[in-house]
$ cat start-v2.tsv   # TSV, C-alpha atoms and all ligand atoms
chain	number	residue	atom	x	y	z
R	15	MET	CA	-65.79	8.02	50.66
R	16	ARG	CA	-62.16	7.50	49.72
R	17	GLY	CA	-59.74	8.08	52.61
R	18	LEU	CA	-62.30	7.27	55.33
R	19	PRO	CA	-61.50	4.34	57.63
R	20	TYR	CA	-63.33	1.10	56.76
R	21	TYR	CA	-65.40	1.00	59.98
R	22	LEU	CA	-66.77	4.49	59.23
R	23	ILE	CA	-67.68	3.60	55.65
R	24	SER	CA	-69.28	0.44	56.93
R	25	GLU	CA	-71.36	2.39	59.45
R	26	MET	CA	-72.41	4.90	56.82
R	27	LYS	CA	-73.60	2.04	54.63
R	28	LEU	CA	-75.53	0.48	57.49
R	29	PRO	CA	-78.79	2.44	57.01
R	30	HIS	CA	-78.68	1.44	53.34
R	31	LYS	CA	-78.23	-2.22	54.32
R	32	ILE	CA	-81.09	-2.01	56.85
R	33	ARG	CA	-83.29	-0.28	54.26
R	34	LYS	CA	-82.54	-3.11	51.82
R	35	LEU	CA	-83.53	-5.68	54.44
R	36	ALA	CA	-86.85	-3.92	54.86
R	37	GLU	CA	-87.58	-3.99	51.12
R	38	PRO	CA	-90.27	-6.52	50.10
R	39	LEU	CA	-88.13	-7.36	47.06
R	40	THR	CA	-85.32	-8.63	49.29
R	41	TYR	CA	-87.77	-10.96	51.04
R	42	ARG	CA	-89.30	-12.20	47.80
R	43	ARG	CA	-85.86	-13.04	46.42
R	44	ALA	CA	-84.82	-14.73	49.65
R	45	TRP	CA	-88.09	-16.68	49.72
R	46	ARG	CA	-87.50	-17.88	46.15
R	47	ARG	CA	-84.03	-19.08	47.18
R	48	VAL	CA	-85.45	-20.95	50.17
R	49	ARG	CA	-88.19	-22.51	48.02
R	50	ARG	CA	-85.60	-23.69	45.49
R	51	SER	CA	-83.70	-25.48	48.24
R	52	PHE	CA	-86.92	-27.07	49.55
R	53	PHE	CA	-87.88	-28.29	46.08
R	54	PRO	CA	-84.58	-29.03	44.32
R	55	LEU	CA	-84.24	-29.92	40.67
R	56	PRO	CA	-81.05	-31.97	40.17
R	57	LEU	CA	-79.17	-31.21	36.98
R	58	ALA	CA	-77.26	-34.50	36.66
R	59	PRO	CA	-80.19	-36.46	35.13
R	60	LEU	CA	-80.72	-33.60	32.65
R	61	ARG	CA	-77.04	-33.42	31.69
R	62	ALA	CA	-77.08	-37.18	31.17
R	63	LYS	CA	-79.62	-36.68	28.37
R	64	ILE	CA	-77.28	-34.41	26.37
R	65	ASP	CA	-75.02	-35.85	23.65
R	66	GLN	CA	-71.71	-34.86	25.30
R	67	GLU	CA	-69.58	-35.50	22.23
R	68	ARG	CA	-71.69	-33.21	20.07
R	69	LEU	CA	-71.75	-30.61	22.84
R	70	ARG	CA	-67.93	-30.65	23.16
R	71	GLU	CA	-67.62	-30.19	19.41
R	72	ILE	CA	-69.93	-27.14	19.52
R	73	GLN	CA	-68.05	-25.70	22.51
R	74	GLN	CA	-64.68	-26.11	20.79
R	75	ARG	CA	-65.91	-24.16	17.76
R	76	TYR	CA	-67.20	-21.27	19.87
R	77	ALA	CA	-64.33	-21.22	22.41
R	78	GLY	CA	-62.68	-17.80	22.36
R	79	SER	CA	-65.31	-16.33	20.04
R	80	PRO	CA	-65.66	-12.58	20.68
R	81	GLU	CA	-69.39	-12.69	19.92
R	82	GLY	CA	-71.52	-11.93	22.97
R	83	PHE	CA	-73.89	-14.81	22.30
R	84	SER	CA	-71.05	-17.38	22.42
R	85	LYS	CA	-71.41	-17.35	26.24
R	86	TYR	CA	-74.45	-19.61	25.69
R	87	ALA	CA	-72.07	-22.42	24.69
R	88	ASP	CA	-71.42	-22.70	28.44
R	89	VAL	CA	-74.32	-25.12	28.69
R	90	ASP	CA	-73.80	-25.93	32.35
R	91	ARG	CA	-74.06	-22.28	33.38
R	92	TYR	CA	-77.25	-21.68	31.39
R	93	LEU	CA	-78.82	-24.92	32.56
R	94	ARG	CA	-78.36	-23.61	36.09
R	95	VAL	CA	-79.89	-20.21	35.19
R	96	ASN	CA	-82.86	-21.91	33.59
R	97	ARG	CA	-83.26	-24.44	36.37
R	98	GLU	CA	-83.99	-21.48	38.66
R	99	ARG	CA	-86.58	-20.16	36.19
R	100	VAL	CA	-88.30	-23.55	36.09
R	101	GLN	CA	-88.22	-23.82	39.89
R	102	ASP	CA	-89.50	-20.28	40.45
R	103	LEU	CA	-92.46	-20.91	38.15
R	104	LYS	CA	-92.98	-24.23	39.98
R	105	LEU	CA	-92.99	-26.06	36.67
R	106	HIS	CA	-90.94	-28.92	38.13
R	107	ARG	CA	-93.84	-29.64	40.49
R	108	SER	CA	-96.67	-29.34	38.01
R	109	THR	CA	-98.75	-31.66	35.86
R	110	PRO	CA	-97.70	-31.63	32.18
R	111	LYS	CA	-98.32	-28.29	30.51
R	112	ARG	CA	-98.05	-26.91	26.99
R	113	VAL	CA	-95.45	-24.15	27.04
R	114	LEU	CA	-94.54	-21.58	24.38
R	115	ASP	CA	-91.29	-19.68	24.97
R	116	LEU	CA	-90.88	-16.46	22.96
R	117	GLY	CA	-87.29	-15.64	21.99
R	118	CYS	CA	-86.24	-19.12	23.13
R	119	GLY	CA	-82.58	-18.66	22.08
R	120	GLY	CA	-80.68	-21.93	22.64
R	121	GLY	CA	-83.76	-23.56	24.20
R	122	PHE	CA	-82.33	-24.25	27.69
R	123	PHE	CA	-85.59	-23.49	29.52
R	124	LEU	CA	-87.64	-25.66	27.16
R	125	PHE	CA	-85.09	-28.49	27.23
R	126	ILE	CA	-85.51	-28.76	31.01
R	127	LEU	CA	-89.30	-28.59	30.72
R	128	LYS	CA	-89.37	-31.23	28.00
R	129	LYS	CA	-87.32	-33.59	30.15
R	130	LEU	CA	-89.81	-32.98	32.97
R	131	GLY	CA	-92.64	-34.16	30.72
R	132	HIS	CA	-94.06	-30.85	29.48
R	133	SER	CA	-94.88	-30.26	25.83
R	134	VAL	CA	-92.84	-27.35	24.49
R	135	VAL	CA	-92.50	-25.01	21.51
R	136	GLY	CA	-89.90	-22.28	21.11
R	137	LEU	CA	-90.28	-19.25	18.89
R	138	ASP	CA	-87.29	-17.26	17.72
R	139	VAL	CA	-85.92	-15.25	14.83
R	140	GLY	CA	-83.28	-17.94	14.46
R	141	HIS	CA	-80.53	-15.64	13.17
R	142	ILE	CA	-77.82	-17.07	15.40
R	143	ASP	CA	-76.21	-20.36	14.40
R	144	LEU	CA	-75.18	-21.28	17.94
R	145	TYR	CA	-78.82	-21.11	19.11
R	146	THR	CA	-79.84	-23.29	16.17
R	147	GLU	CA	-77.17	-25.83	17.05
R	148	LEU	CA	-78.27	-25.83	20.69
R	149	VAL	CA	-82.00	-26.29	20.00
R	150	GLU	CA	-81.04	-29.16	17.73
R	151	LEU	CA	-78.76	-30.64	20.40
R	152	PHE	CA	-81.62	-30.33	22.92
R	153	ASP	CA	-84.19	-31.53	20.37
R	154	VAL	CA	-86.46	-28.61	21.18
R	155	PRO	CA	-89.08	-27.81	18.50
R	156	ARG	CA	-88.81	-24.22	17.30
R	157	VAL	CA	-90.93	-21.95	15.11
R	158	LEU	CA	-88.91	-19.36	13.19
R	159	TRP	CA	-90.67	-16.03	13.52
R	160	LYS	CA	-89.79	-12.43	14.20
R	161	ILE	CA	-92.09	-10.75	16.68
R	162	SER	CA	-92.81	-7.25	15.38
R	163	ALA	CA	-94.85	-4.39	16.77
R	164	PHE	CA	-98.53	-4.61	15.78
R	165	GLU	CA	-98.08	-7.90	13.90
R	166	PRO	CA	-99.90	-11.02	15.11
R	167	LEU	CA	-98.03	-14.26	15.72
R	168	PRO	CA	-98.56	-17.06	13.20
R	169	ASP	CA	-101.00	-19.90	13.71
R	170	LEU	CA	-99.14	-22.22	16.10
R	171	GLY	CA	-101.58	-25.10	15.68
R	172	GLN	CA	-102.40	-25.37	19.38
R	173	LYS	CA	-103.10	-23.35	22.49
R	174	PHE	CA	-100.71	-23.07	25.41
R	175	ASP	CA	-101.07	-23.26	29.20
R	176	TRP	CA	-98.01	-21.06	29.60
R	177	ILE	CA	-96.37	-18.41	27.44
R	178	THR	CA	-92.98	-17.22	28.64
R	179	ALA	CA	-90.21	-14.88	27.49
R	180	PHE	CA	-86.82	-14.44	29.17
R	181	SER	CA	-84.12	-11.87	28.49
R	182	VAL	CA	-85.70	-10.91	25.20
R	183	GLY	CA	-85.42	-7.58	23.44
R	184	PHE	CA	-88.24	-7.53	20.90
R	185	THR	CA	-86.84	-4.30	19.48
R	186	LEU	CA	-83.51	-5.97	18.61
R	187	TYR	CA	-84.42	-6.62	14.99
R	188	GLN	CA	-86.71	-3.63	14.62
R	189	PRO	CA	-85.20	-1.00	12.27
R	190	SER	CA	-86.09	1.93	14.56
R	191	LYS	CA	-84.86	0.13	17.75
R	192	ARG	CA	-87.47	2.23	19.58
R	193	SER	CA	-88.63	0.72	22.87
R	194	TRP	CA	-92.16	-0.58	22.96
R	195	GLY	CA	-94.77	1.51	24.72
R	196	SER	CA	-98.19	0.49	26.07
R	197	ALA	CA	-99.74	0.32	22.59
R	198	GLU	CA	-97.23	-2.24	21.29
R	199	TRP	CA	-97.47	-4.32	24.48
R	200	ASP	CA	-101.26	-4.12	24.44
R	201	PHE	CA	-101.32	-5.49	20.90
R	202	LEU	CA	-98.95	-8.35	21.79
R	203	LEU	CA	-100.93	-9.28	24.92
R	204	ARG	CA	-104.24	-9.32	23.03
R	205	ASP	CA	-102.61	-11.48	20.41
R	206	LEU	CA	-101.09	-13.85	23.00
R	207	GLN	CA	-104.56	-14.24	24.52
R	208	ARG	CA	-105.58	-16.03	21.30
R	209	HIS	CA	-102.83	-18.60	21.90
R	210	LEU	CA	-103.64	-19.24	25.57
R	211	THR	CA	-105.88	-21.93	27.01
R	212	PRO	CA	-108.53	-20.63	29.44
R	213	GLY	CA	-106.72	-19.86	32.69
R	214	GLY	CA	-103.37	-19.87	30.87
R	215	LYS	CA	-100.48	-17.93	32.36
R	216	ILE	CA	-97.93	-15.53	30.90
R	217	PHE	CA	-94.56	-14.77	32.42
R	218	PHE	CA	-92.05	-12.26	31.07
R	219	GLU	CA	-88.62	-11.50	32.43
R	220	LEU	CA	-87.74	-8.54	30.28
R	221	ASN	CA	-84.53	-6.71	29.59
R	222	PRO	CA	-83.98	-3.05	29.03
R	223	PRO	CA	-84.29	-1.40	26.53
R	224	ASP	CA	-87.42	-3.42	25.82
R	225	TYR	CA	-88.80	-2.74	29.18
R	226	HIS	CA	-88.69	0.39	31.25
R	227	ALA	CA	-90.29	-0.88	34.42
R	228	SER	CA	-91.23	2.51	35.80
R	229	GLU	CA	-93.09	3.55	32.64
R	230	LEU	CA	-94.91	0.31	31.90
R	231	ARG	CA	-95.59	-0.98	35.39
R	232	ASP	CA	-99.07	0.51	35.70
R	233	PHE	CA	-99.99	-0.70	32.24
R	234	PHE	CA	-99.04	-4.32	33.01
R	235	VAL	CA	-100.81	-4.15	36.38
R	236	SER	CA	-103.95	-2.86	34.60
R	237	ARG	CA	-103.76	-5.97	32.41
R	238	GLY	CA	-103.74	-8.24	35.47
R	239	ALA	CA	-100.01	-8.72	36.12
R	240	THR	CA	-98.03	-8.66	39.30
R	241	VAL	CA	-94.83	-6.79	38.55
R	242	GLU	CA	-91.55	-7.20	40.39
R	243	ARG	CA	-89.05	-5.08	38.50
R	244	GLU	CA	-88.38	-6.99	35.25
R	245	ARG	CA	-90.58	-9.94	36.30
R	246	ILE	CA	-94.11	-9.59	34.93
R	247	PHE	CA	-96.48	-12.39	35.82
R	248	PHE	CA	-100.04	-12.82	34.58
R	249	GLU	CA	-100.70	-15.69	36.94
R	250	THR	CA	-104.46	-15.64	36.55
R	251	GLY	CA	-104.54	-14.70	32.89
R	252	LEU	CA	-104.97	-11.38	31.16
R	253	ARG	CA	-107.51	-8.69	31.93
R	254	PHE	CA	-108.69	-6.34	29.21
R	255	SER	CA	-110.75	-3.23	29.43
R	256	SER	CA	-111.81	-1.16	26.44
R	257	VAL	CA	-109.03	1.35	27.07
R	258	SER	CA	-107.19	2.17	23.87
R	259	TYR	CA	-103.47	2.80	24.17
R	260	ALA	CA	-102.43	5.41	21.66
R	261	PRO	CA	-99.55	4.19	19.53
R	262	PHE	CA	-96.60	6.34	18.55
R	263	SER	CA	-97.04	5.66	14.86
R	264	SER	CA	-99.48	5.40	12.02
R	265	LYS	CA	-100.80	2.09	13.34
R	266	GLU	CA	-103.30	4.10	15.35
R	267	SER	CA	-106.27	2.91	13.32
R	268	GLU	CA	-105.48	-0.77	14.04
R	269	LEU	CA	-105.49	-0.17	17.76
R	270	THR	CA	-108.58	1.93	17.68
R	271	SER	CA	-110.32	-0.90	15.89
R	272	VAL	CA	-109.17	-3.33	18.62
R	273	ALA	CA	-110.73	-1.05	21.21
R	274	GLU	CA	-113.85	-0.68	19.07
R	275	ALA	CA	-114.18	-4.46	18.84
R	276	ASP	CA	-113.96	-4.59	22.62
R	277	ASN	CA	-116.61	-1.98	22.97
R	278	HIS	CA	-118.80	-3.85	20.55
R	279	LYS	CA	-118.43	-7.04	22.62
R	280	LEU	CA	-119.17	-5.13	25.80
R	281	HIS	CA	-122.11	-3.10	24.60
R	282	GLY	CA	-123.45	-5.19	21.71
R	301	LIG	C1	-80.57	-12.85	24.92
R	301	LIG	S1	-81.34	-14.12	24.02
R	301	LIG	C2	-82.22	-14.95	25.33
R	301	LIG	C3	-82.56	-16.34	24.94
R	301	LIG	C4	-83.36	-17.12	25.98
R	301	LIG	N1	-84.68	-16.56	26.18
R	301	LIG	C5	-82.59	-17.22	27.29
R	301	LIG	O1	-82.96	-16.52	28.24
R	301	LIG	O2	-81.63	-17.97	27.34
R	301	LIG	C6	-82.67	-13.24	23.19
R	301	LIG	C7	-83.39	-14.11	22.17
R	301	LIG	O3	-84.54	-13.42	21.72
R	301	LIG	C8	-84.64	-13.56	20.30
R	301	LIG	N2	-85.38	-12.42	19.77
R	301	LIG	C9	-85.04	-11.11	19.86
R	301	LIG	N3	-85.95	-10.34	19.25
R	301	LIG	C10	-86.88	-11.19	18.77
R	301	LIG	C11	-88.07	-10.99	18.02
R	301	LIG	N4	-88.46	-9.77	17.66
R	301	LIG	N5	-88.80	-12.06	17.68
R	301	LIG	C12	-88.41	-13.32	18.03
R	301	LIG	N6	-87.28	-13.56	18.76
R	301	LIG	C13	-86.52	-12.51	19.09
R	301	LIG	C14	-83.19	-13.59	19.85
R	301	LIG	O4	-83.06	-14.17	18.56
R	301	LIG	C15	-82.55	-14.40	20.94
R	301	LIG	O5	-82.60	-15.77	20.68
$ encode --input "start-v2.tsv" --output "structure tokens" --more "lines below"
Ligand SMILES: C[S@@+](CC[C@H](N)C(=O)[O-])C[C@H]1O[C@@H](n2cnc3c(N)ncnc32)[C@H](O)[C@@H]1O
Amino acid sequence: MRGLPYYLISEMKLPHKIRKLAEPLTYRRAWRRVRRSFFPLPLAPLRAKIDQERLREIQQRYAGSPEGFSKYADVDRYLRVNRERVQDLKLHRSTPKRVLDLGCGGGFFLFILKKLGHSVVGLDVGHIDLYTELVELFDVPRVLWKISAFEPLPDLGQKFDWITAFSVGFTLYQPSKRSWGSAEWDFLLRDLQRHLTPGGKIFFELNPPDYHASELRDFFVSRGATVERERIFFETGLRFSSVSYAPFSSKESELTSVAEADNHKLHG
């Protein structure tokens, strides 16, 4: 469109803008913004709970670091990001819940929840020192564990009302780096079910390459989720049928046995 006058370009873009306005996604996002302003969650009382001297010391050490993760030392920015997550899940207006956050990183989300009176546990590989320093600064309890395809989570000693995961790539530490398909996700969901209280909720906000929305959308919907791009919400729990999702690898027998167990439960 180079060389065209601005008003012409603008007019050519108009149908696109109108189309965007008509998209349900645009309304859902706008509605979330409105809801956040109706039910604010001030950050000042949360900031006041952070040891500022220790935080400054951490920030000085990571200032100018070329590592991508060092951006998380900007605590104010990530508190704001996570405030929106808390608000959108309405956890600032809820009775105390037990929350497990998978791939909790620096623990921003759980720090906010803890200060709101929820009981929290983070789970993470724990390979990155900055995240360790932040969860310690925030005093967020964390279980060190690597989530791997077709491997159950450890005994966490309690059940949770919510299980969440934000911006996580479960394939990050997997040697093959291959994205998870339905079989891997099915295994994880069945395993997470063991850690959920009755009526417990699961919310994922996934990143590519972990999540290819177009390919996995139907699968997550079949398990009871509402899916809005990368946002996958099992608001009324998980739903399982006896469908077996064929894995890519030799773990086939494990999944078949999961499906067989289902069938056994269903048919006796
Ligand atoms: C981009 S950070 C996001 C952290 C946090 N959820 C947030 O949104 O601020 C991704 C986190 O997921 C963790 N992670 C990645 N793969 C994992 C796995 N297989 N098991 C457990 N944690 C994992 C990483 O260690 C890292 O802390």
$ residues_around --input "start-v2.tsv" --residues "range 78-86 of chain R" --least-positions-apart "3" --cutoff "12 Å" --atoms "all atoms listed in the file" --output "PyMOL selection string"
chain R and resi 69+72-75+89-96+119-122+141-149
$ atom_distance --input "start-v2.tsv" --atom1 "CA of Asn221 in chain R" --atom2 "CA of Pro56 in chain R"
27.6 Å
$ residues_around --input "start-v2.tsv" --residues "range 167-173 of chain R" --least-positions-apart "2" --cutoff "10 Å" --atoms "all atoms listed in the file" --output "short mmCIF file (atom, residue, chain, number, x, y, z; two decimals) with C-alpha atoms, in the coordinates of the input"
data_model
loop_
_atom_site.label_atom_id
_atom_site.label_comp_id
_atom_site.auth_asym_id
_atom_site.auth_seq_id
_atom_site.Cartn_x
_atom_site.Cartn_y
_atom_site.Cartn_z
CA ARG R 112 -98.05 -26.91 26.99
CA VAL R 113 -95.45 -24.15 27.04
CA LEU R 114 -94.54 -21.58 24.38
CA VAL R 135 -92.50 -25.01 21.51
CA LEU R 137 -90.28 -19.25 18.89
CA VAL R 157 -90.93 -21.95 15.11
CA LEU R 158 -88.91 -19.36 13.19
CA TRP R 159 -90.67 -16.03 13.52
CA LYS R 160 -89.79 -12.43 14.20
CA ILE R 161 -92.09 -10.75 16.68
CA SER R 162 -92.81 -7.25 15.38
CA PHE R 164 -98.53 -4.61 15.78
CA GLU R 165 -98.08 -7.90 13.90
CA ASP R 175 -101.07 -23.26 29.20
CA TRP R 176 -98.01 -21.06 29.60
CA ILE R 177 -96.37 -18.41 27.44
CA LEU R 202 -98.95 -8.35 21.79
CA ASP R 205 -102.61 -11.48 20.41
CA LEU R 206 -101.09 -13.85 23.00
CA GLN R 207 -104.56 -14.24 24.52
CA ARG R 208 -105.58 -16.03 21.30
CA HIS R 209 -102.83 -18.60 21.90
CA LEU R 210 -103.64 -19.24 25.57
CA THR R 211 -105.88 -21.93 27.01
CA PRO R 212 -108.53 -20.63 29.44
CA GLY R 214 -103.37 -19.87 30.87
#
$ closest_residue --input "start-v2.tsv" --among "R:Lys111, R:Lys104, R:Lys129, R:Arg99" --to "ligand LIG 301 (chain R)" --atoms "only C-alpha atoms and all ligand atoms"
R:Arg99
$ atom_distance --input "start-v2.tsv" --atom1 "CA of Gly131 in chain R" --atom2 "CA of Pro110 in chain R"
5.8 Å
